[in-house]
Amino acid sequence: MNRLDRLTAILIHLQTKRVIRAQELADRFGISLRTVYRDIRSLEEAGVPIGAEAGVGYFLTDYHLPPVMFTNAEASALLLGGKLIEKWTDQSVRTEFESALYKIKSVLKRPDQEYLDSLEAHINIAKPLNPATEGEGSLNKIQHAIAQQHVLNLRYHSHYNNAETQRRVEPVGLYHYRMNWHLIAFCQIRQDYRDFRVDRIRQLTDTDERFSRREHLSLQEYLDRVGKQDLPVMAATVVFQKLATRYMQEQKYAYGFQHEEDLGDLVRIHFQTPYAEGLARWLIMYGNQVQVEQPNSLKVMIRTLVDELYTHYST
């Protein structure tokens, strides 16, 4: 990015928040703090009213750029984002994003609008294998509660015991993994952090009651803590027929995929997982297309599961 483009981008960035830290600008544009200070000074010399608070950051004082024009690449990126949102969020988010996208298209030049129209029909995203039927409309409500620091009342279906419970939670953040959105929140009843799958929320009510975010972990701190849980980890080496690996796609990552070796017609895959039984049950589906090299305990576990199946269907 040349300096003129960067100065324009910094000015746009300054309009996105009340206060922007110099380090945030340095991280976004890959420049040093010294360069950030020099760019801010250049904008000030050009007449842009930028305020600064020592130790806090920079802010604009009553200044706005005219409507921003988008490049083809930027507009295409928004189109891709819209396709993902269409399939991987609920109706509350889809409706609002569609409205925003129309506003964005309205400021594009006519050739750029025609460019997007010609591109749109040639991009699609597969629907989730198990699209959410519960929790519809929850994502926008949850986002609002996170931003406003509002306590939420949930009626939640617990999958492990097939029961519904009432919860009062203080939302920490939204996290998407394993094909689902999850609300990470501090549960007032359990007095600890909990992970709620959004599609299992049967009812959600915003109480408008505020809580203090300073008393909680941030979303990243929570994820770091979960990632460092002291669970015994099993290292496993498994050899697959190469033809079988085409059916794995991203599933292998859910079972602790580390790396793989190409052996010609075979592929050796290394896993590390704290959930040995889950890995064993997954490997069974590949039948004689897979061979466990180590550990022996995983072989025994698979043999036991297969014996249980044999007994079950022999009676």
# chains A, B, ... in the order shown; residues from 1 in each chain; ligands from 1
>>> residues_around(residues="Arg21 (chain A)", least_positions_apart="3", cutoff="10 Å", atoms="only C-alpha atoms", output="PyMOL selection string")
chain A and resi 14+24-26+52-53+55-59
>>> write_last_selection(atoms="N, CA, C and O atoms", output="PDB file, in the first residue's frame")
ATOM      1  N   LEU A  14     -10.102   5.674  11.575  1.00  0.00           N
ATOM      2  CA  LEU A  14     -10.386   6.560  12.711  1.00  0.00           C
ATOM      3  C   LEU A  14     -11.878   6.831  12.881  1.00  0.00           C
ATOM      4  O   LEU A  14     -12.331   7.202  13.963  1.00  0.00           O
ATOM      5  N   GLU A  24      -2.938  -0.304  17.358  1.00  0.00           N
ATOM      6  CA  GLU A  24      -3.949  -0.917  16.494  1.00  0.00           C
ATOM      7  C   GLU A  24      -3.701  -0.543  15.040  1.00  0.00           C
ATOM      8  O   GLU A  24      -3.802  -1.386  14.140  1.00  0.00           O
ATOM      9  N   LEU A  25      -3.361   0.718  14.798  1.00  0.00           N
ATOM     10  CA  LEU A  25      -3.050   1.164  13.431  1.00  0.00           C
ATOM     11  C   LEU A  25      -1.766   0.511  12.933  1.00  0.00           C
ATOM     12  O   LEU A  25      -1.690   0.077  11.779  1.00  0.00           O
ATOM     13  N   ALA A  26      -0.778   0.418  13.799  1.00  0.00           N
ATOM     14  CA  ALA A  26       0.484  -0.208  13.401  1.00  0.00           C
ATOM     15  C   ALA A  26       0.272  -1.672  13.030  1.00  0.00           C
ATOM     16  O   ALA A  26       0.820  -2.155  12.035  1.00  0.00           O
ATOM     17  N   ALA A  52      -5.948  13.749  20.506  1.00  0.00           N
ATOM     18  CA  ALA A  52      -5.141  12.675  21.082  1.00  0.00           C
ATOM     19  C   ALA A  52      -5.199  12.762  22.598  1.00  0.00           C
ATOM     20  O   ALA A  52      -5.210  13.857  23.158  1.00  0.00           O
ATOM     21  N   GLU A  53      -5.249  11.588  23.215  1.00  0.00           N
ATOM     22  CA  GLU A  53      -5.226  11.510  24.667  1.00  0.00           C
ATOM     23  C   GLU A  53      -4.086  10.590  25.058  1.00  0.00           C
ATOM     24  O   GLU A  53      -4.037   9.424  24.636  1.00  0.00           O
ATOM     25  N   GLY A  55      -1.694   7.964  26.303  1.00  0.00           N
ATOM     26  CA  GLY A  55      -1.908   6.649  26.877  1.00  0.00           C
ATOM     27  C   GLY A  55      -3.219   5.993  26.479  1.00  0.00           C
ATOM     28  O   GLY A  55      -3.494   4.865  26.876  1.00  0.00           O
ATOM     29  N   VAL A  56      -4.054   6.707  25.702  1.00  0.00           N
ATOM     30  CA  VAL A  56      -5.355   6.164  25.296  1.00  0.00           C
ATOM     31  C   VAL A  56      -5.402   5.958  23.788  1.00  0.00           C
ATOM     32  O   VAL A  56      -5.552   4.844  23.296  1.00  0.00           O
ATOM     33  N   GLY A  57      -5.282   7.057  23.033  1.00  0.00           N
ATOM     34  CA  GLY A  57      -5.296   6.918  21.585  1.00  0.00           C
ATOM     35  C   GLY A  57      -5.738   8.177  20.870  1.00  0.00           C
ATOM     36  O   GLY A  57      -5.815   9.260  21.464  1.00  0.00           O
ATOM     37  N   TYR A  58      -6.060   8.022  19.576  1.00  0.00           N
ATOM     38  CA  TYR A  58      -6.468   9.129  18.719  1.00  0.00           C
ATOM     39  C   TYR A  58      -7.969   9.087  18.470  1.00  0.00           C
ATOM     40  O   TYR A  58      -8.593   8.023  18.507  1.00  0.00           O
ATOM     41  N   PHE A  59      -8.541  10.270  18.182  1.00  0.00           N
ATOM     42  CA  PHE A  59      -9.959  10.346  17.853  1.00  0.00           C
ATOM     43  C   PHE A  59     -10.205  11.541  16.934  1.00  0.00           C
ATOM     44  O   PHE A  59      -9.437  12.501  16.915  1.00  0.00           O
TER      45      PHE A  59
END
>>> select_by_dssp(residues="region 97-173 of chain A", states="strand (DSSP E)", output="ChimeraX atom specification")
/A:150-158,163-173
>>> write_last_selection(atoms="N, CA, C and O atoms", output="short mmCIF file (atom, residue, chain, number, x, y, z; two decimals), in the first residue's frame")
data_model
loop_
_atom_site.label_atom_id
_atom_site.label_comp_id
_atom_site.auth_asym_id
_atom_site.auth_seq_id
_atom_site.Cartn_x
_atom_site.Cartn_y
_atom_site.Cartn_z
N HIS A 150 -25.61 -6.80 28.67
CA HIS A 150 -26.90 -7.14 29.26
C HIS A 150 -26.94 -8.61 29.66
O HIS A 150 -26.46 -9.48 28.92
N VAL A 151 -27.53 -8.89 30.81
CA VAL A 151 -27.76 -10.26 31.26
C VAL A 151 -28.86 -10.88 30.40
O VAL A 151 -29.86 -10.23 30.07
N LEU A 152 -28.67 -12.15 30.02
CA LEU A 152 -29.66 -12.88 29.23
C LEU A 152 -30.29 -14.00 30.04
O LEU A 152 -29.60 -14.67 30.82
N ASN A 153 -31.58 -14.21 29.83
CA ASN A 153 -32.27 -15.39 30.36
C ASN A 153 -32.38 -16.41 29.24
O ASN A 153 -32.85 -16.07 28.14
N LEU A 154 -31.94 -17.64 29.49
CA LEU A 154 -31.98 -18.68 28.47
C LEU A 154 -32.83 -19.85 28.95
O LEU A 154 -32.80 -20.23 30.12
N ARG A 155 -33.57 -20.43 28.02
CA ARG A 155 -34.13 -21.77 28.23
C ARG A 155 -33.35 -22.65 27.28
O ARG A 155 -33.48 -22.56 26.07
N TYR A 156 -32.51 -23.52 27.86
CA TYR A 156 -31.49 -24.22 27.08
C TYR A 156 -31.68 -25.73 27.14
O TYR A 156 -31.94 -26.30 28.21
N HIS A 157 -31.57 -26.36 25.97
CA HIS A 157 -31.68 -27.82 25.89
C HIS A 157 -30.30 -28.44 26.01
O HIS A 157 -29.44 -28.22 25.15
N SER A 158 -30.08 -29.19 27.09
CA SER A 158 -28.80 -29.87 27.30
C SER A 158 -28.83 -31.21 26.57
O SER A 158 -29.66 -32.07 26.89
N ALA A 163 -32.43 -32.68 28.57
CA ALA A 163 -33.28 -31.92 29.49
C ALA A 163 -33.13 -30.43 29.20
O ALA A 163 -32.14 -29.99 28.61
N GLU A 164 -34.14 -29.66 29.61
CA GLU A 164 -34.09 -28.21 29.45
C GLU A 164 -33.87 -27.55 30.80
O GLU A 164 -34.44 -27.98 31.81
N THR A 165 -33.04 -26.51 30.81
CA THR A 165 -32.75 -25.79 32.04
C THR A 165 -32.89 -24.30 31.80
O THR A 165 -32.75 -23.82 30.67
N GLN A 166 -33.19 -23.57 32.86
CA GLN A 166 -33.25 -22.11 32.81
C GLN A 166 -31.92 -21.55 33.28
O GLN A 166 -31.40 -21.97 34.32
N ARG A 167 -31.35 -20.62 32.55
CA ARG A 167 -30.06 -20.02 32.90
C ARG A 167 -30.14 -18.50 32.83
O ARG A 167 -30.80 -17.95 31.96
N ARG A 168 -29.42 -17.85 33.75
CA ARG A 168 -29.16 -16.41 33.67
C ARG A 168 -27.68 -16.27 33.40
O ARG A 168 -26.85 -16.72 34.20
N VAL A 169 -27.35 -15.66 32.26
CA VAL A 169 -25.95 -15.63 31.86
C VAL A 169 -25.50 -14.23 31.50
O VAL A 169 -26.30 -13.38 31.09
N GLU A 170 -24.20 -14.01 31.66
CA GLU A 170 -23.56 -12.75 31.28
C GLU A 170 -22.68 -13.06 30.06
O GLU A 170 -21.65 -13.71 30.19
N PRO A 171 -23.11 -12.64 28.86
CA PRO A 171 -22.44 -13.07 27.62
C PRO A 171 -21.02 -12.50 27.48
O PRO A 171 -20.79 -11.32 27.71
N VAL A 172 -20.11 -13.37 27.12
CA VAL A 172 -18.72 -13.00 26.89
C VAL A 172 -18.45 -12.81 25.40
O VAL A 172 -17.77 -11.87 24.99
N GLY A 173 -18.98 -13.73 24.55
CA GLY A 173 -18.75 -13.60 23.13
C GLY A 173 -19.38 -14.73 22.34
O GLY A 173 -19.91 -15.69 22.92
#
>>> closest_atom_pairs(of="region 168-258 of chain A", to="region 75-93 of chain A", cutoff="9 Å", atoms="only C-alpha atoms", output="JSON lines")
{"residue": "A:Met179", "atom": "CA", "partner": "A:Trp88", "partner_atom": "CA", "distance": 8.4}
{"residue": "A:Asn180", "atom": "CA", "partner": "A:Trp88", "partner_atom": "CA", "distance": 8.2}
{"residue": "A:Trp181", "atom": "CA", "partner": "A:Thr89", "partner_atom": "CA", "distance": 8.2}
>>> select_by_dssp(residues="region 74-227 of chain A", states="alpha helix (DSSP H)", output="PyMOL selection string")
chain A and resi 74-88+91-106+110-120+138-148+219-227
>>> closest_residue(among="A:Arg6, A:Lys141, A:Lys299, A:Arg94", to="Asp206 (chain A)", atoms="only C-alpha atoms")
A:Lys141
>>> atom_distance(atom1="CA of Gly51 (chain A)", atom2="CA of Arg214 (chain A)")
26.4 Å
>>> residues_around(residues="Leu217 (chain A)", least_positions_apart="5", cutoff="10 Å", atoms="only C-alpha atoms", output="list in words")
Val172, Ala185, Phe186, Tyr193, Tyr222, Leu223 and Arg225 of chain A
>>> atom_distance(atom1="CA of Leu4 (chain A)", atom2="CA of Ile40 (chain A)")
12.3 Å
>>> atom_distance(atom1="CA of Gln289 (chain A)", atom2="CA of Glu261 (chain A)")
16.2 Å
>>> closest_residue(among="A:Met285, A:Ala280, A:Ile302, A:Cys187", to="Ala244 (chain A)", atoms="only C-alpha atoms")
A:Met285
>>> closest_residue(among="A:Arg281, A:Thr207, A:Phe70, A:Gln291", to="Leu309 (chain A)", atoms="only C-alpha atoms")
A:Arg281
>>> decode(residues="region 12-36 of chain A", atoms="N, CA, C and O atoms", output="tab-separated table (two decimals), in the first residue's frame")
chain	number	residue	atom	x	y	z
A	12	ILE	N	-10.17	6.56	7.39
A	12	ILE	CA	-11.39	5.75	7.45
A	12	ILE	C	-11.43	4.95	8.74
A	12	ILE	O	-12.47	4.86	9.41
A	13	HIS	N	-10.28	4.39	9.12
A	13	HIS	CA	-10.20	3.59	10.35
A	13	HIS	C	-10.54	4.44	11.57
A	13	HIS	O	-11.22	3.97	12.49
A	14	LEU	N	-10.10	5.67	11.58
A	14	LEU	CA	-10.39	6.56	12.71
A	14	LEU	C	-11.88	6.83	12.88
A	14	LEU	O	-12.33	7.20	13.96
A	15	GLN	N	-12.64	6.66	11.80
A	15	GLN	CA	-14.08	6.88	11.88
A	15	GLN	C	-14.84	5.67	12.41
A	15	GLN	O	-16.04	5.74	12.66
A	16	THR	N	-14.14	4.54	12.58
A	16	THR	CA	-14.84	3.31	12.97
A	16	THR	C	-15.04	3.17	14.47
A	16	THR	O	-15.84	2.36	14.90
A	17	LYS	N	-14.29	3.93	15.27
A	17	LYS	CA	-14.39	3.83	16.73
A	17	LYS	C	-14.26	5.20	17.36
A	17	LYS	O	-13.79	6.16	16.72
A	18	ARG	N	-14.64	5.27	18.61
A	18	ARG	CA	-14.51	6.55	19.33
A	18	ARG	C	-13.04	6.89	19.53
A	18	ARG	O	-12.63	8.04	19.36
A	19	VAL	N	-12.23	5.90	19.92
A	19	VAL	CA	-10.80	6.11	20.13
A	19	VAL	C	-10.04	4.95	19.52
A	19	VAL	O	-10.42	3.79	19.68
A	20	ILE	N	-8.95	5.25	18.82
A	20	ILE	CA	-8.12	4.23	18.18
A	20	ILE	C	-6.71	4.31	18.74
A	20	ILE	O	-6.09	5.38	18.73
A	21	ARG	N	-6.18	3.18	19.21
A	21	ARG	CA	-4.81	3.16	19.72
A	21	ARG	C	-3.81	3.14	18.56
A	21	ARG	O	-4.07	2.57	17.51
A	22	ALA	N	-2.66	3.76	18.79
A	22	ALA	CA	-1.62	3.79	17.76
A	22	ALA	C	-1.17	2.37	17.41
A	22	ALA	O	-0.92	2.06	16.24
A	23	GLN	N	-1.10	1.49	18.40
A	23	GLN	CA	-0.66	0.11	18.15
A	23	GLN	C	-1.64	-0.62	17.24
A	23	GLN	O	-1.24	-1.46	16.43
A	24	GLU	N	-2.94	-0.30	17.36
A	24	GLU	CA	-3.95	-0.92	16.49
A	24	GLU	C	-3.70	-0.54	15.04
A	24	GLU	O	-3.80	-1.39	14.14
A	25	LEU	N	-3.36	0.72	14.80
A	25	LEU	CA	-3.05	1.16	13.43
A	25	LEU	C	-1.77	0.51	12.93
A	25	LEU	O	-1.69	0.08	11.78
A	26	ALA	N	-0.78	0.42	13.80
A	26	ALA	CA	0.48	-0.21	13.40
A	26	ALA	C	0.27	-1.67	13.03
A	26	ALA	O	0.82	-2.16	12.04
A	27	ASP	N	-0.53	-2.37	13.82
A	27	ASP	CA	-0.79	-3.79	13.54
A	27	ASP	C	-1.55	-3.98	12.25
A	27	ASP	O	-1.26	-4.90	11.46
A	28	ARG	N	-2.56	-3.13	12.02
A	28	ARG	CA	-3.37	-3.31	10.81
A	28	ARG	C	-2.57	-3.07	9.54
A	28	ARG	O	-2.69	-3.83	8.57
A	29	PHE	N	-1.73	-2.03	9.54
A	29	PHE	CA	-1.05	-1.66	8.31
A	29	PHE	C	0.39	-2.19	8.23
A	29	PHE	O	1.09	-1.94	7.24
A	30	GLY	N	0.83	-2.92	9.27
A	30	GLY	CA	2.17	-3.49	9.25
A	30	GLY	C	3.26	-2.45	9.24
A	30	GLY	O	4.25	-2.58	8.50
A	31	ILE	N	3.09	-1.40	10.03
A	31	ILE	CA	4.07	-0.31	10.09
A	31	ILE	C	4.51	-0.10	11.53
A	31	ILE	O	3.91	-0.64	12.46
A	32	SER	N	5.55	0.66	11.70
A	32	SER	CA	6.05	0.94	13.06
A	32	SER	C	5.23	2.04	13.72
A	32	SER	O	4.51	2.80	13.05
A	33	LEU	N	5.32	2.11	15.04
A	33	LEU	CA	4.64	3.19	15.77
A	33	LEU	C	5.16	4.56	15.31
A	33	LEU	O	4.41	5.52	15.22
A	34	ARG	N	6.45	4.62	15.02
A	34	ARG	CA	7.02	5.89	14.56
A	34	ARG	C	6.36	6.34	13.26
A	34	ARG	O	6.07	7.52	13.08
A	35	THR	N	6.09	5.38	12.35
A	35	THR	CA	5.41	5.71	11.09
A	35	THR	C	3.98	6.13	11.35
A	35	THR	O	3.46	7.04	10.69
A	36	VAL	N	3.31	5.49	12.30
A	36	VAL	CA	1.95	5.90	12.67
A	36	VAL	C	1.94	7.35	13.12
A	36	VAL	O	1.11	8.16	12.67
